[in-house]
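Visitor: Take a look at coords-v6.csv, CSV, C-alpha atoms and all ligand atoms:
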```csv
chain,number,residue,atom,x,y,z
A,1,MET,CA,20.5,5.4,-4.5
A,2,LEU,CA,17.0,4.1,-4.2
A,3,SER,CA,16.5,0.3,-4.0
A,4,PHE,CA,13.7,-2.1,-3.2
A,5,ARG,CA,13.3,-5.4,-1.5
A,6,ASN,CA,10.5,-7.7,-0.4
A,7,LYS,CA,12.3,-9.7,2.2
A,8,LEU,CA,12.1,-8.3,5.7
A,9,LYS,CA,15.0,-7.9,8.1
A,10,PHE,CA,15.1,-8.1,11.9
A,11,ASP,CA,15.1,-4.3,12.5
A,12,ASP,CA,12.4,-3.5,9.9
A,13,PRO,CA,9.4,-3.3,12.2
A,14,GLU,CA,11.1,-0.5,14.2
A,15,ALA,CA,11.9,1.4,10.9
A,16,ILE,CA,8.3,0.9,9.9
A,17,ARG,CA,7.2,2.4,13.2
A,18,THR,CA,9.5,5.5,12.5
A,19,ILE,CA,8.1,6.0,9.0
A,20,SER,CA,4.4,5.5,10.1
A,21,ALA,CA,4.8,8.0,13.0
A,22,SER,CA,6.7,10.5,10.8
A,23,THR,CA,3.7,10.9,8.4
A,24,GLY,CA,1.5,12.6,11.0
A,25,PHE,CA,-1.4,10.7,9.5
A,26,PHE,CA,-1.8,7.8,11.9
A,27,ASP,CA,-2.7,7.5,15.5
A,28,ALA,CA,-0.7,5.3,18.0
A,29,THR,CA,-3.0,2.3,17.3
A,30,ASP,CA,-2.6,2.6,13.6
A,31,VAL,CA,1.2,2.8,14.0
A,32,GLU,CA,1.1,-0.3,16.2
A,33,ILE,CA,-0.9,-2.2,13.6
A,34,SER,CA,1.7,-1.6,10.9
A,35,VAL,CA,4.5,-2.7,13.3
A,36,GLU,CA,2.5,-5.8,14.2
A,37,LEU,CA,1.9,-6.6,10.5
A,38,ALA,CA,5.7,-6.4,10.0
A,39,HIS,CA,6.5,-8.6,13.0
A,40,ASN,CA,4.0,-11.2,11.7
A,41,ALA,CA,5.4,-11.1,8.1
A,42,LEU,CA,8.9,-11.4,9.5
A,43,GLU,CA,8.0,-14.5,11.4
A,44,ASN,CA,6.1,-16.0,8.5
A,45,GLN,CA,8.6,-15.3,5.7
A,46,ASN,CA,10.6,-18.5,6.2
A,47,SER,CA,7.6,-20.8,6.4
A,48,ILE,CA,5.3,-21.8,3.6
A,49,CYS,CA,2.2,-19.6,3.8
A,50,SER,CA,-0.5,-18.4,1.4
A,51,ASN,CA,-0.2,-15.0,-0.2
A,52,GLU,CA,-3.3,-14.1,1.9
A,53,GLU,CA,-0.7,-13.3,4.5
A,54,PRO,CA,0.4,-9.7,4.3
A,55,ASN,CA,3.6,-9.1,2.3
A,56,PHE,CA,5.8,-6.0,2.4
A,57,LEU,CA,7.7,-3.9,-0.1
A,58,ILE,CA,10.5,-1.8,1.4
A,59,ALA,CA,12.1,1.2,-0.3
A,60,GLU,CA,15.6,2.2,0.8
A,61,ASP,CA,17.9,5.1,0.1
A,62,ASN,CA,21.5,4.0,0.6
A,63,GLY,CA,20.3,1.5,3.3
A,64,LEU,CA,17.9,3.9,5.1
A,65,MET,CA,14.3,2.7,4.9
A,66,VAL,CA,12.4,5.6,3.3
A,67,GLY,CA,9.1,3.9,2.4
A,68,PHE,CA,7.1,0.7,2.8
A,69,ALA,CA,4.0,-0.8,1.4
A,70,CYS,CA,2.0,-3.8,2.8
A,71,PHE,CA,-0.4,-5.8,0.7
A,72,CYS,CA,-2.2,-9.2,0.7
A,73,LYS,CA,-4.6,-11.2,-1.4
A,74,ILE,CA,-8.2,-10.6,-0.2
A,75,PRO,CA,-9.4,-13.8,1.6
A,76,ASP,CA,-12.3,-15.4,-0.4
A,77,SER,CA,-11.2,-13.7,-3.6
A,78,PHE,CA,-9.4,-15.5,-6.5
A,79,THR,CA,-8.2,-12.4,-8.2
A,80,ALA,CA,-8.4,-9.3,-5.9
A,81,TYR,CA,-5.6,-7.9,-3.7
A,82,GLU,CA,-5.6,-5.1,-1.2
A,83,LEU,CA,-3.0,-2.5,-0.5
A,84,LEU,CA,-3.2,-2.4,3.3
A,85,ARG,CA,-0.6,0.2,4.1
A,86,ILE,CA,1.7,2.6,2.2
A,87,SER,CA,3.9,5.4,3.6
A,88,THR,CA,6.9,7.4,2.7
A,89,LEU,CA,9.2,8.9,5.4
A,90,SER,CA,8.0,12.5,5.8
A,91,ASN,CA,11.1,14.3,4.6
A,92,TYR,CA,11.2,12.0,1.5
A,93,ARG,CA,7.6,12.7,0.4
A,94,GLY,CA,6.9,14.1,-3.0
A,95,HIS,CA,10.1,12.8,-4.5
A,96,GLY,CA,8.5,9.9,-6.5
A,97,ILE,CA,9.1,7.1,-4.0
A,98,GLY,CA,5.4,6.3,-3.5
A,99,ARG,CA,4.8,6.1,-7.3
A,100,LYS,CA,7.8,3.8,-7.7
A,101,MET,CA,6.5,1.5,-4.8
A,102,ILE,CA,3.0,1.4,-6.5
A,103,GLU,CA,4.6,0.5,-9.9
A,104,ARG,CA,6.6,-2.4,-8.3
A,105,LEU,CA,3.5,-3.5,-6.4
A,106,LEU,CA,1.3,-3.5,-9.5
A,107,LYS,CA,3.9,-5.7,-11.3
A,108,THR,CA,4.2,-8.1,-8.3
A,109,VAL,CA,0.4,-8.6,-7.8
A,110,ARG,CA,-0.2,-8.8,-11.5
A,111,GLU,CA,2.4,-11.7,-11.7
A,112,LEU,CA,0.5,-13.3,-8.8
A,113,GLY,CA,-2.7,-13.2,-10.9
A,114,ALA,CA,-4.4,-10.1,-9.6
A,115,LYS,CA,-7.1,-8.6,-11.7
A,116,LYS,CA,-7.8,-5.8,-9.2
A,117,LEU,CA,-5.9,-4.1,-6.4
A,118,PHE,CA,-8.1,-2.3,-3.9
A,119,VAL,CA,-7.1,0.4,-1.4
A,120,LYS,CA,-9.2,2.1,1.3
A,121,THR,CA,-8.6,5.6,2.4
A,122,GLU,CA,-10.3,8.4,4.2
A,123,GLY,CA,-12.6,11.0,2.7
A,124,THR,CA,-11.5,13.9,5.0
A,125,GLU,CA,-9.7,17.0,3.7
A,126,LYS,CA,-6.5,15.8,5.3
A,127,TYR,CA,-6.4,12.9,2.9
A,128,ILE,CA,-6.9,15.0,-0.3
A,129,PRO,CA,-3.1,14.6,-1.2
A,130,THR,CA,-3.4,10.8,-0.5
A,131,ARG,CA,-6.4,10.5,-2.8
A,132,LYS,CA,-4.6,12.6,-5.5
A,133,PHE,CA,-1.7,10.2,-5.1
A,134,TYR,CA,-3.8,7.1,-5.8
A,135,GLU,CA,-5.6,8.8,-8.7
A,136,SER,CA,-2.3,9.9,-10.2
A,137,CYS,CA,-1.1,6.3,-10.0
A,138,GLY,CA,-4.0,5.1,-12.0
A,139,PHE,CA,-6.5,4.1,-9.3
A,140,LYS,CA,-10.2,4.8,-9.9
A,141,LEU,CA,-12.7,5.6,-7.2
A,142,GLU,CA,-14.9,2.5,-6.8
A,143,ALA,CA,-17.2,3.3,-3.9
A,144,VAL,CA,-17.7,5.6,-1.0
A,145,LEU,CA,-18.9,4.1,2.3
A,146,LYS,CA,-20.6,6.9,4.2
A,147,GLU,CA,-19.6,7.5,7.9
A,148,TYR,CA,-17.4,4.4,7.8
A,149,TYR,CA,-14.6,5.6,10.0
A,150,ALA,CA,-16.5,8.2,12.1
A,151,ASP,CA,-19.1,11.0,11.8
A,152,ARG,CA,-18.4,12.8,8.5
A,153,ASP,CA,-15.4,10.5,7.9
A,154,ASP,CA,-16.2,8.4,4.8
A,155,CYS,CA,-14.2,5.5,3.5
A,156,TYR,CA,-13.1,5.9,-0.2
A,157,ILE,CA,-12.4,2.7,-1.9
A,158,TYR,CA,-10.1,2.9,-4.9
A,159,SER,CA,-9.2,0.2,-7.3
A,160,TYR,CA,-6.5,-0.4,-9.9
A,161,ASN,CA,-8.1,-2.5,-12.7
A,162,PHE,CA,-5.7,-4.8,-14.5
A,163,TYR,CA,-8.5,-5.7,-17.0
A,164,ASP,CA,-8.1,-2.1,-18.3
A,165,ASP,CA,-4.4,-2.6,-18.8
A,166,GLU,CA,-5.0,-5.8,-20.7
A,167,ALA,CA,-7.5,-4.2,-23.0
A,168,ALA,CA,-5.4,-1.1,-23.6
A,169,ASN,CA,-2.1,-2.9,-24.2
A,170,ASN,CA,-3.4,-6.1,-25.7
A,171,ILE,CA,-1.8,-8.1,-22.9
A,172,PRO,CA,-3.0,-11.7,-22.8
A,173,ALA,CA,-5.0,-12.3,-19.6
A,174,GLN,CA,-3.1,-14.4,-17.0
B,1,LIG,C1,0.7,8.9,0.0
B,1,LIG,C2,2.2,8.7,0.0
B,1,LIG,C3,2.5,7.2,0.3
B,1,LIG,C4,2.7,9.1,-1.4
B,1,LIG,O1,4.1,8.9,-1.4
B,1,LIG,P1,5.1,10.0,-2.0
B,1,LIG,O2,6.4,9.3,-2.1
B,1,LIG,O3,4.9,11.2,-1.3
B,1,LIG,O4,4.5,10.1,-3.5
B,1,LIG,P2,5.2,10.5,-4.9
B,1,LIG,O5,6.2,11.6,-4.6
B,1,LIG,O6,5.6,9.3,-5.6
B,1,LIG,O7,4.0,11.2,-5.7
B,1,LIG,C5,3.4,10.6,-6.8
B,1,LIG,C6,2.2,11.4,-7.3
B,1,LIG,O8,1.2,11.5,-6.3
B,1,LIG,C7,0.6,12.8,-6.4
B,1,LIG,N1,0.9,13.5,-5.1
B,1,LIG,C8,1.8,13.1,-4.2
B,1,LIG,N2,1.7,14.0,-3.1
B,1,LIG,C9,0.8,14.9,-3.4
B,1,LIG,C10,0.3,16.0,-2.7
B,1,LIG,N3,0.7,16.4,-1.5
B,1,LIG,N4,-0.7,16.8,-3.3
B,1,LIG,C11,-1.1,16.4,-4.6
B,1,LIG,N5,-0.7,15.3,-5.2
B,1,LIG,C12,0.2,14.6,-4.7
B,1,LIG,C13,1.3,13.6,-7.5
B,1,LIG,O9,0.5,13.4,-8.7
B,1,LIG,C14,2.6,12.9,-7.6
B,1,LIG,O10,3.2,12.9,-8.9
B,1,LIG,P3,4.1,14.1,-9.4
B,1,LIG,O11,5.1,14.3,-8.4
B,1,LIG,O12,4.6,13.6,-10.7
B,1,LIG,O13,3.1,15.2,-9.6
B,1,LIG,C15,2.9,9.6,1.1
B,1,LIG,O14,2.7,11.0,0.7
B,1,LIG,C16,2.5,9.4,2.5
B,1,LIG,O15,3.2,8.6,3.2
B,1,LIG,N6,1.5,10.0,3.0
B,1,LIG,C17,1.0,9.9,4.3
B,1,LIG,C18,0.5,8.6,4.7
B,1,LIG,C19,-0.7,8.2,3.8
B,1,LIG,O16,-1.6,9.0,3.5
B,1,LIG,N7,-0.7,6.9,3.5
B,1,LIG,C20,-1.8,6.3,2.7
B,1,LIG,C21,-2.9,5.9,3.7
B,1,LIG,S1,-4.3,5.3,2.9
```
Would you put the structure from the file into structure tokens?
Guide:
Amino acid sequence: MLSFRNKLKFDDPEAIRTISASTGFFDATDVEISVELAHNALENQNSICSNEEPNFLIAEDNGLMVGFACFCKIPDSFTAYELLRISTLSNYRGHGIGRKMIERLLKTVRELGAKKLFVKTEGTEKYIPTRKFYESCGFKLEAVLKEYYADRDDCYIYSYNFYDDEAANNIPAQ
């Protein structure tokens, strides 16, 4: 059974390493950055810190970590958040875990006062499924930064716009 939690446990950074490496999308440096983010979040979670510090969402299937997402408030912004990392364990991909993580994340950041949630991804062919994933979760392409990552490797910036939700569903602005 799938369950979710925000609080990190001692051995989560290693599980995050396993998931990141399993995707085949990230190089060793990228994997290390995810592990480091988890170590920092684990250290900070018992102290009072701003929500500009990265926070995690963990998805588990009967106790096995099968997905994680990492997000933070964008420094200098009052209302914008960024999804820094999201991955599903490779053999669990395509079973709806990513969509469920996004749904939970949207609820969390909206309650924190987010008006927009941004995510950056790559423009290469390899990332077509990733871009389709964001689009299918309601993110809209906001900008393309040419040659951002490398030659012929653009940065695609997507955003989820909570103003649209408020207008469509008559939700009072928070
Ligand atoms: C992107 C990722 C987190 C999505 O998680 P997931 O659990 O596989 O996604 P879901 O099964 O919830 O898919 C949700 C929707 O996304 C779209 N989608 C997912 N995988 C897709 C694919 N390979 N091709 C096309 N669309 C896809 C579909 O619309 C799907 O909805 P549907 O199954 O109802 O058609 C996961 O595939 C992953 O870890 N990818 C590698 C790492 C990565 O790219 N991370 C993001 C870096 S920016």
Visitor: Taking only C-alpha atoms and all ligand atoms into account, report as a PDB file with C-alpha atoms, keeping the file's coordinate frame which residues have an atom no farther than 8 Å from an atom of ligand LIG 1 (chain B).
Guide:
```pdb
ATOM      1  CA  SER A  20       4.400   5.500  10.100  1.00  0.00           C
ATOM      2  CA  THR A  23       3.700  10.900   8.400  1.00  0.00           C
ATOM      3  CA  GLY A  24       1.500  12.600  11.000  1.00  0.00           C
ATOM      4  CA  PHE A  25      -1.400  10.700   9.500  1.00  0.00           C
ATOM      5  CA  PHE A  26      -1.800   7.800  11.900  1.00  0.00           C
ATOM      6  CA  GLY A  67       9.100   3.900   2.400  1.00  0.00           C
ATOM      7  CA  LEU A  84      -3.200  -2.400   3.300  1.00  0.00           C
ATOM      8  CA  ARG A  85      -0.600   0.200   4.100  1.00  0.00           C
ATOM      9  CA  ILE A  86       1.700   2.600   2.200  1.00  0.00           C
ATOM     10  CA  SER A  87       3.900   5.400   3.600  1.00  0.00           C
ATOM     11  CA  THR A  88       6.900   7.400   2.700  1.00  0.00           C
ATOM     12  CA  LEU A  89       9.200   8.900   5.400  1.00  0.00           C
ATOM     13  CA  SER A  90       8.000  12.500   5.800  1.00  0.00           C
ATOM     14  CA  TYR A  92      11.200  12.000   1.500  1.00  0.00           C
ATOM     15  CA  ARG A  93       7.600  12.700   0.400  1.00  0.00           C
ATOM     16  CA  GLY A  94       6.900  14.100  -3.000  1.00  0.00           C
ATOM     17  CA  HIS A  95      10.100  12.800  -4.500  1.00  0.00           C
ATOM     18  CA  GLY A  96       8.500   9.900  -6.500  1.00  0.00           C
ATOM     19  CA  ILE A  97       9.100   7.100  -4.000  1.00  0.00           C
ATOM     20  CA  GLY A  98       5.400   6.300  -3.500  1.00  0.00           C
ATOM     21  CA  ARG A  99       4.800   6.100  -7.300  1.00  0.00           C
ATOM     22  CA  LYS A 100       7.800   3.800  -7.700  1.00  0.00           C
ATOM     23  CA  MET A 101       6.500   1.500  -4.800  1.00  0.00           C
ATOM     24  CA  VAL A 119      -7.100   0.400  -1.400  1.00  0.00           C
ATOM     25  CA  LYS A 120      -9.200   2.100   1.300  1.00  0.00           C
ATOM     26  CA  THR A 121      -8.600   5.600   2.400  1.00  0.00           C
ATOM     27  CA  GLU A 122     -10.300   8.400   4.200  1.00  0.00           C
ATOM     28  CA  TYR A 127      -6.400  12.900   2.900  1.00  0.00           C
ATOM     29  CA  ILE A 128      -6.900  15.000  -0.300  1.00  0.00           C
ATOM     30  CA  PRO A 129      -3.100  14.600  -1.200  1.00  0.00           C
ATOM     31  CA  THR A 130      -3.400  10.800  -0.500  1.00  0.00           C
ATOM     32  CA  ARG A 131      -6.400  10.500  -2.800  1.00  0.00           C
ATOM     33  CA  LYS A 132      -4.600  12.600  -5.500  1.00  0.00           C
ATOM     34  CA  PHE A 133      -1.700  10.200  -5.100  1.00  0.00           C
ATOM     35  CA  TYR A 134      -3.800   7.100  -5.800  1.00  0.00           C
ATOM     36  CA  GLU A 135      -5.600   8.800  -8.700  1.00  0.00           C
ATOM     37  CA  SER A 136      -2.300   9.900 -10.200  1.00  0.00           C
ATOM     38  CA  CYS A 137      -1.100   6.300 -10.000  1.00  0.00           C
TER      39      CYS A 137
END
```
Visitor: Select, from A:Val35, A:Val144, A:Ala168, A:Ala15, the residue with the minimum atom-to-atom distance to Thr124 in chain A, counting only C-alpha atoms.
Guide: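 Result for the nearest residue to Thr124 in chain A: A:Val144.
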Visitor: By how many Å are CA of Leu2 in chain A and CA of Ala59 in chain A apart?
Guide: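 Between CA of Leu2 in chain A and CA of Ala59 in chain A the gap is 6.9 Å.
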Visitor: Extract, using all atoms listed in the file, all DNA, RNA and protein residues at most 9 Å from Pro75 in chain A, discarding same-chain residues fewer than 5 positions from it, and format them as number ranges by chain.
Guide: A: 52, 80-81
Visitor: Atoms to include: C-alpha atoms. Write the selected residues as a PDB file, in the frame of the given file.
Guide:
```pdb
ATOM      1  CA  GLU A  52      -3.300 -14.100   1.900  1.00  0.00           C
ATOM      2  CA  ALA A  80      -8.400  -9.300  -5.900  1.00  0.00           C
ATOM      3  CA  TYR A  81      -5.600  -7.900  -3.700  1.00  0.00           C
TER       4      TYR A  81
END
```
Visitor: Using all atoms listed in the file, which of A:Leu141, A:Ala38, A:Val66, A:Leu57 sits nearest Thr108 in chain A?
Guide: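 When distances to Thr108 in chain A are compared using all atoms listed in the file, the smallest one comes from A:Leu57.
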Visitor: If we count all atoms listed in the file and set the cut-off at 12 Å, which residues sit around Arg5 in chain A, ignoring sequence neighbours fewer than 5 positions away in its own chain? Please answer as a PyMOL selection string.
Guide: chain A and resi 12+55-61+63+65+67-69+101+104-105+108
Visitor: Taking only C-alpha atoms into account, name the residue in A:Asp153, A:Ala28, A:Leu64, A:Asp165 that is nearest to Lys107 in chain A.
Guide: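 The shortest atom-to-atom distance to Lys107 in chain A comes from A:Asp165.
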Visitor: One decimal, Å: what's the distance from CA of Leu117 in chain A over to CA of Ser159 in chain A, could you say?
Guide: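 Separating CA of Leu117 in chain A from CA of Ser159 in chain A is a distance of 5.5 Å.
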Visitor: Can you measure CA of Asp11 in chain A to CA of Asn62 in chain A for me? One decimal in Å is fine.
Guide: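 Going from CA of Asp11 in chain A over to CA of Asn62 in chain A, I get 15.9 Å.
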Visitor: Tell me which protein, DNA and RNA residues are within 8 Å of Glu142 in chain A, counting only C-alpha atoms, leaving out same-chain ones fewer than 4 positions away, and put them as number ranges by chain.
Guide: A: 156-159
Visitor: Counting all atoms listed in the file, note down every residue that has an atom within 12 Å of the point (4.5, -2.5, 15.7) (file coordinates), as a PDB file with C-alpha atoms, in the frame of the given file.
Guide:
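Contents of the output file out_20.pdb:
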```pdb
ATOM      1  CA  ASP A  11      15.100  -4.300  12.500  1.00  0.00           C
ATOM      2  CA  ASP A  12      12.400  -3.500   9.900  1.00  0.00           C
ATOM      3  CA  PRO A  13       9.400  -3.300  12.200  1.00  0.00           C
ATOM      4  CA  GLU A  14      11.100  -0.500  14.200  1.00  0.00           C
ATOM      5  CA  ALA A  15      11.900   1.400  10.900  1.00  0.00           C
ATOM      6  CA  ILE A  16       8.300   0.900   9.900  1.00  0.00           C
ATOM      7  CA  ARG A  17       7.200   2.400  13.200  1.00  0.00           C
ATOM      8  CA  THR A  18       9.500   5.500  12.500  1.00  0.00           C
ATOM      9  CA  ILE A  19       8.100   6.000   9.000  1.00  0.00           C
ATOM     10  CA  SER A  20       4.400   5.500  10.100  1.00  0.00           C
ATOM     11  CA  ALA A  21       4.800   8.000  13.000  1.00  0.00           C
ATOM     12  CA  ALA A  28      -0.700   5.300  18.000  1.00  0.00           C
ATOM     13  CA  THR A  29      -3.000   2.300  17.300  1.00  0.00           C
ATOM     14  CA  ASP A  30      -2.600   2.600  13.600  1.00  0.00           C
ATOM     15  CA  VAL A  31       1.200   2.800  14.000  1.00  0.00           C
ATOM     16  CA  GLU A  32       1.100  -0.300  16.200  1.00  0.00           C
ATOM     17  CA  ILE A  33      -0.900  -2.200  13.600  1.00  0.00           C
ATOM     18  CA  SER A  34       1.700  -1.600  10.900  1.00  0.00           C
ATOM     19  CA  VAL A  35       4.500  -2.700  13.300  1.00  0.00           C
ATOM     20  CA  GLU A  36       2.500  -5.800  14.200  1.00  0.00           C
ATOM     21  CA  LEU A  37       1.900  -6.600  10.500  1.00  0.00           C
ATOM     22  CA  ALA A  38       5.700  -6.400  10.000  1.00  0.00           C
ATOM     23  CA  HIS A  39       6.500  -8.600  13.000  1.00  0.00           C
ATOM     24  CA  ASN A  40       4.000 -11.200  11.700  1.00  0.00           C
ATOM     25  CA  ALA A  41       5.400 -11.100   8.100  1.00  0.00           C
ATOM     26  CA  LEU A  42       8.900 -11.400   9.500  1.00  0.00           C
TER      27      LEU A  42
END
```
